[in-house]
Structure formats: C-alpha cells, structure tokens
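Below is one structure; the comments refer to it alone.
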Amino acid sequence: MSASCLPRWSSSLPCKPWRLPRFLPHLPERCQPPGPKAIHTAAGQGQQVGLQDKELLEAREMPLARREAETLCHEEPETGNQYLEDALLRSYLKAHLPPQVLEEVNRDLERFGQRLLTQVKALGWECEQNPPVLRQYDAWGQRQDRILTCAAWRRIREIAAEEGLIAEAYERRFSCWSFSGGFNCPLAMTDGAAKVIESLGMPGSLKSAFGHLTSRDPARFWTSGQWMTERRGGSDVASGTETVARKQPDGTYLLHGFKWFTSAADSDVALTLARIADAEGQVKQGSSGLSLFFLRVRDEAGRLNNIQVQRLKDKLGTRQMATAELWLQGAKAELVSAQGRGVSAIAAMLNVTRIHNLIGAVASMRRMLSLSRDYARRRVAFGKLLKDHPLHMQTLARMEVQTRGACLLLLEIVRLLGRAETKLATEQDQLLLRLLVPVAKLYTGKQASAVALEAMESFGGQGYMEDTGLPVLVRDTLVLSIWEGTTNILALDVLRCLTRSQGQGLAAFFSSVQEKTEEASSSPELGAAVQRTRDAAGSLSRFLQAAASRGALSMELAARDFSYSLARIYSGALLIEHAARPDASSADISAAQRWCQQELCPVATGLESSSYEAKEALLDSALVYEGSPAHGSRL
C-alpha cells in the first residue's frame, strides 16, 4: 500500500425573496423564511442580529455603495488531512494490513495527506489558472512545437517522483500490499507503460526506460503517453488505427500517421499502436495487424522525434494537462510486442489505467463530499446551520453511502491486483480481477458524476462560481465515464469477459458474494441486507438462465443493466463484510443497510418488462429519431 492510494483525498448566491406555495401552509415555524427581525448571516455562524423597523428602513434607503458587504460573505469550506478524516479507509487498512505494514503505511499516508494539504492543493489551483500552451514557432519562424507548462505542473511531477507514486508498486516493499496507484492521467499512463514493459520482460532498450518510469529521483523520472486514438476515434482501435510502421536496416521502425487524441502530450516517451508494412508496402487490417511500439518524444537535444503538434485540445475539464493532435512523420520507434500482438500486449496496461480511473472516481467523490460536509457546518440558512436541516443531511448521507460502496470496490480490486502481481492470486482471484475491473470502472464513473453534481448543488449558487474551484472539480470528474472506455464499451467488455471465461468468472463472482456475506448472515442488524444481496444474486442467476435462449441481441441490450447489477451486488457484499467486523462502527452498519435497500439487480427488472427483446431495439430507434429526416416528413 502506498501514498498513491489516496491521490486526491488530500486535498450560494444571495437568493431573491421567496414565498411558500399555498399548498404548504402548515410547515413548522423553523422552516419559514426569516423576517426582517431575524436576519442571519453566514459569516456570523447563525448569530441573530436584531434589526428594528426604523433601522431596516434606513438600510433600505442607504445607497448601495455605502452598504457593508461583509454581511453577505460566505465561509469557505476547508478540509484537513484527508487521510486522517477518512474513517472508512483507515478502518479498512486496519482490518486488512499486517500490523508492521499498517504502522508504516499509516505514517506514510498521514505525511502524504499533510503534503497534499500544504503543498499540492495550491499547486493544483495554479495549474488550473495556467493551462499549457502550444508555441509552434519561434520569433524567427522556426518550427518548435513546444508545449509550455507552468512551474506548478513541473513541481507536481517532481513530487510524484519523490513520493514514489509509480515506484511503490514495482519496488514491492510490502509484497502484495504494494498497491499500484496514482493521481492523474499522466501518472496513470506512466504506470500503465511500466506495467506493459514489465510484463513483456523489458525487451531491448526498455530496461533503461523502465528504470526512468519507476524512479523516485525527479531528475531521472519520466512520464509516458499512450497514443492509441486516431482520427476515427474511440475504443475501436482495430478498425480505427491507420498509422504505418516501416522497418529500417538497423531494426528500428519509422512511424507515419496521425494521432487524434494524445493525453499528457508533454510526456518523455510514449507507447503507440501501428501496422507494420511489408516489402510491398501492404498492411494487415483488423486487430491482428496491430503491433505495439515504444518511442522517445524528443532526442537528447530536445528536438521532436519527427513529430508535429497540430494543436492542443480545448477540453471541458482536465485543462491542467496538455492533450494534443500529433502528426507522426517518420518518428523513430522500437517494436516491443510480437508482430500483430499489440492489442494483447496492452491488456495489462488497460487494467492499470482503468484502476487509476477508478481511483480518480473515488477520490473525486470523497473530495466533494468532504467539502460539502464542512460547508454544512458553516453555512446558515433559515435560522440554522445546514447540518441541522434533516433533509440536507439525508442528501449528504446518500452521497456518503455511494462513496463508501465505490471505495470498498476500489480497495477490493487493488487487493486482488496486489495478489496477482506477486503471484499469490488464486484462480478465483484472477477471474474476479478480470471481471471486476471493467464493472467497477463503468459504474464508479457514473457514481462520481452523480455525486459531484449533487455536491455542487449543496453549495447553492457558490457551487456554480468558477473562482470557488468547485466547477473545476465537477468538470474533471465528468471525464471519468469516458476516459479508458465509455460505459457501453465497458459493458460489452464485461460480456466478452464472461464468454472467454466460459462461465467461470460468474461462478467466482457468486462464490465470493456468498463468502463475504456469510459472517453477517446471522446478524440481527445485517441479516436483512444479507438476504437482499443474496436474493439479488439469485435474480441475476435466473436472468442469465433466461437470457441464454434469447440470443446475442438480448444480452447486448441488457449489458449495461447487467453490469450495474454486478457492481451493486458486489459492493453490497463488500459493505456487509466490512460492517460485520467486531469493531465496526454504527456508520459501517448503516452504510451496508442503506446500500442494500436500493434496487440491487436492475437487469432482472428489465427482463420482466421485456426491455431486452428485438422489438424493443426497433422501438428505441423509432423513439430517438421520430421527426428526423431519416423518418420522413416532420409534419
């Protein structure tokens, strides 16, 4: 376990007068809007300020320029050391880590949490205020294509090396507890590249590159990009990759092609897919024609490796990071996979980068919720603090339950990955890891977006103001359901996983759910949650039996709901397992109970309503395109 497991966990407009609708005449007095004699201010933390009618009239007549503005201020929410404030994470580590490992990890994460609070938080905001820019030409007209980043971005990169956010997982100081992890896209791709190089046995010059990618020395540390997406875009690299590789007499290759979407474009090295041309210049199409290449972005003199930067992408979020369109015009590269085995070579990388995506989702939820709950201790509305309004606290509690479910799902996957990387994983561990990674990535991406938007609303109008930084957190969260595979793409990947395992993946899933709920099955507090979880698992099993005779289309239509069902059932089992510990808190028990009160198996409901039949697919299209030119006249 390393500090990298907690990357981001470190760190209302005045309303118009309103009237109660006539159909709500009997609200309790405490819910009535304040009158002129009971004006409350956020800055005053709920202290009542008496204002006589005469004073009120004088205030109304006072010119706006002379009025005091202080009474309209809101207190900024603050969080402390996010590791110390995360009760769930601390209790999980205590339950699972060996004592000697726990002691060191506790010190490491507490120190790292403080560094995030005192250093990284300010650096992150500086990066947001100073996004990267592209300087294509110098003053004399010479092409440079330099992506200029701010000093804060470079300092964060140094801190990442110093903290060993990549190195920790490969040093394996704690054996299977040396978790992989990171806190943003460049580190996710760097970790993924290191994983690929390690899994390939470090061929050619890649042993030296691996040393740079996993270094704790900022002067030696490299970051890596992954240049997979081309003009046709998306996850379909088999048909979308047009880049051609031509072998040279010295055994290297020259790459020619256009990379449409290259994140972390200021990285030192990159992995990319291309099709190798034969002696006649012909290439093989499809996934079996793709090979994996490694390249340096610049040479020792800082010159680009026959690469031109066409432009930087203008993104909704993650503006701190440079994402670019690149032309490869004879870029020198090294073949690192077997010819035609590029897609299989990046499978290990996809697992790692999707787990980073999952870390980002949980971190975003925890960060937004931490700010929301602190604001609830400060903001006064209708005569009392937000934390004293039951409806507001119910909303935050629902967000907390979602965050806890996602966090335990993440930690379970990271535990399985640690076992797999240290050759300790059982066959069931391996099957679960392969199944749960796409399930968790697709589900937590949706969870994070929902929680972030709900949290933004909890700040009222202030949540919508750019200078609070809250919209930045929301925008950066929204990419998580897109990056490393959209929800539907991953849902189909889940189906492929089940097909390849010939049912063994599902068998491992059901067995694990049974095991994790066993201890709590006789608990008077958790018994109902256990029963609901097992009933949902039974419904899922019956769905699979019914779907077996309905054909591929039915399973495709059910893929998203099926994946959601897997995520909810397994998260419920994890919450129950955590709540069944002898030293579990009342909050642990409540979270498990509340999670299991939701619909745990939506795919069973969809089956009952005939949502996955062929006629429904036709109705879907008719519904979406009604009135469009494809369906004839709009009249």
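In the structure tokens, the first chain shown is A, the next is B, and so on; residue numbers restart at 1 for each chain, and ligands run from 1 in the order shown.
Taking the backbone of this structure through DSSP, the residues of range 164-223 of chain A that come out as alpha helix (DSSP H) are Ala167, Glu168, Ala169, Tyr170, Glu171, Cys185, Pro186, Leu187, Ala188, Met189, Thr190, Asp191, Gly192, Ala193, Ala194, Lys195, Val196, Ile197, Glu198, Ser199, Leu206, Lys207, Ser208, Ala209, Phe210, Gly211, His212 and Leu213 of chain A.
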Produce a table with one row for each residue of range 77-196 of chain A that has an atom at most 8 Å from any atom of range 222-241 of chain A, each row naming the nearest atom pair and its distance in Å at one decimal; use only C-alpha atoms; arrange rows by chain and rising residue number; format as a Markdown table.
| residue | atom | partner | partner_atom | distance |
| --- | --- | --- | --- | --- |
| A:Pro186 | CA | A:Thr223 | CA | 6.4 |
| A:Leu187 | CA | A:Thr223 | CA | 6.8 |
| A:Met189 | CA | A:Gly225 | CA | 5.8 |
| A:Thr190 | CA | A:Ser224 | CA | 4.6 |
| A:Ala193 | CA | A:Ser224 | CA | 6.6 |
So that I have them on file, write out the residues from the current selection with all heavy atoms, as a CSV table (one decimal), in the first residue's frame.
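And here's out_16.csv as it stands now:
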chain,number,residue,atom,x,y,z
A,186,PRO,N,-1.4,11.6,-16.5
A,186,PRO,CA,0.0,11.3,-16.8
A,186,PRO,C,0.6,10.1,-16.0
A,186,PRO,O,1.3,9.3,-16.5
A,186,PRO,CB,0.7,12.6,-16.6
A,186,PRO,CG,-0.3,13.7,-16.7
A,186,PRO,CD,-1.6,13.0,-16.2
A,187,LEU,N,0.3,10.1,-14.7
A,187,LEU,CA,0.8,9.0,-13.9
A,187,LEU,C,0.1,7.7,-14.2
A,187,LEU,O,0.7,6.6,-14.1
A,187,LEU,CB,0.7,9.4,-12.4
A,187,LEU,CG,1.6,10.5,-11.9
A,187,LEU,CD1,1.5,10.6,-10.4
A,187,LEU,CD2,3.0,10.3,-12.4
A,189,MET,N,-0.9,6.7,-17.1
A,189,MET,CA,-0.3,6.2,-18.3
A,189,MET,C,1.1,5.8,-18.1
A,189,MET,O,1.6,4.8,-18.7
A,189,MET,CB,-0.5,7.2,-19.4
A,189,MET,CG,-1.9,7.4,-19.9
A,189,MET,SD,-2.1,8.4,-21.3
A,189,MET,CE,-1.6,10.0,-20.7
A,190,THR,N,1.8,6.5,-17.2
A,190,THR,CA,3.2,6.1,-16.9
A,190,THR,C,3.2,4.7,-16.2
A,190,THR,O,4.0,3.8,-16.5
A,190,THR,CB,3.8,7.1,-16.0
A,190,THR,OG1,3.8,8.4,-16.6
A,190,THR,CG2,5.2,6.8,-15.6
A,193,ALA,N,2.4,2.1,-18.8
A,193,ALA,CA,3.6,1.8,-19.6
A,193,ALA,C,4.6,0.9,-18.9
A,193,ALA,O,5.1,0.0,-19.4
A,193,ALA,CB,4.2,3.1,-20.0
Residues near range 264-272 of chain A, cut-off 10 Å, only C-alpha atoms, skip fewer than 2 positions along chain, as a PyMOL selection string: chain A and resi 132+146-149+184-187+189-190+192-193+196-197+209+212-213+221-229+243+255+259+261-262+274+290-299+309+312+320-326+333-336+342+346
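Inside range 322-396 of chain A, the residues DSSP reads as strand (DSSP E or B) when given the backbone are Thr323, Ala324, Glu325, Leu326, Trp327, Leu328, Gln329, Gly330, Ala331, Lys332, Ala333, Glu334, Leu335, Val380, Ala381, Lys384 and Leu385 of chain A.
The interatomic distance for the pair CA of Ser549 in chain A and CA of Lys441 in chain A works out to 28.9 Å.
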Interatomic distance (Å, one decimal) between CA of Ala277 in chain A and CA of Gln329 in chain A: 15.2 Å
One-decimal distance in Å that lies between CA of Thr468 in chain A and CA of Leu88 in chain A: 27.3 Å
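Summary of the local environment: counting only C-alpha atoms, residues at most 10 Å from Ser512 in chain A, other than itself and those fewer than 3 positions away along its chain, are Gln428, Asp429, Leu432, Leu506, Ala507, Ala508, Phe509, Glu515, Lys516, Thr517, Glu518, Tyr570, Ala573 and Leu574 of chain A.
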Shell around Gln248 in chain A at 10 Å using only C-alpha atoms, local window under 5 positions removed, as a VMD selection string: chain A and resid 253 to 254 332
7 Å contact set for range 611-618 of chain A, only C-alpha atoms, chain neighbours under 5 positions out, as a PyMOL selection string: chain A and resi 553-554+557-558+606
Distance query Arg560 in chain A at most 7 Å, only C-alpha atoms, self and fewer than 4 positions along chain excluded, as a PyMOL selection string: chain A and resi 488+491+564
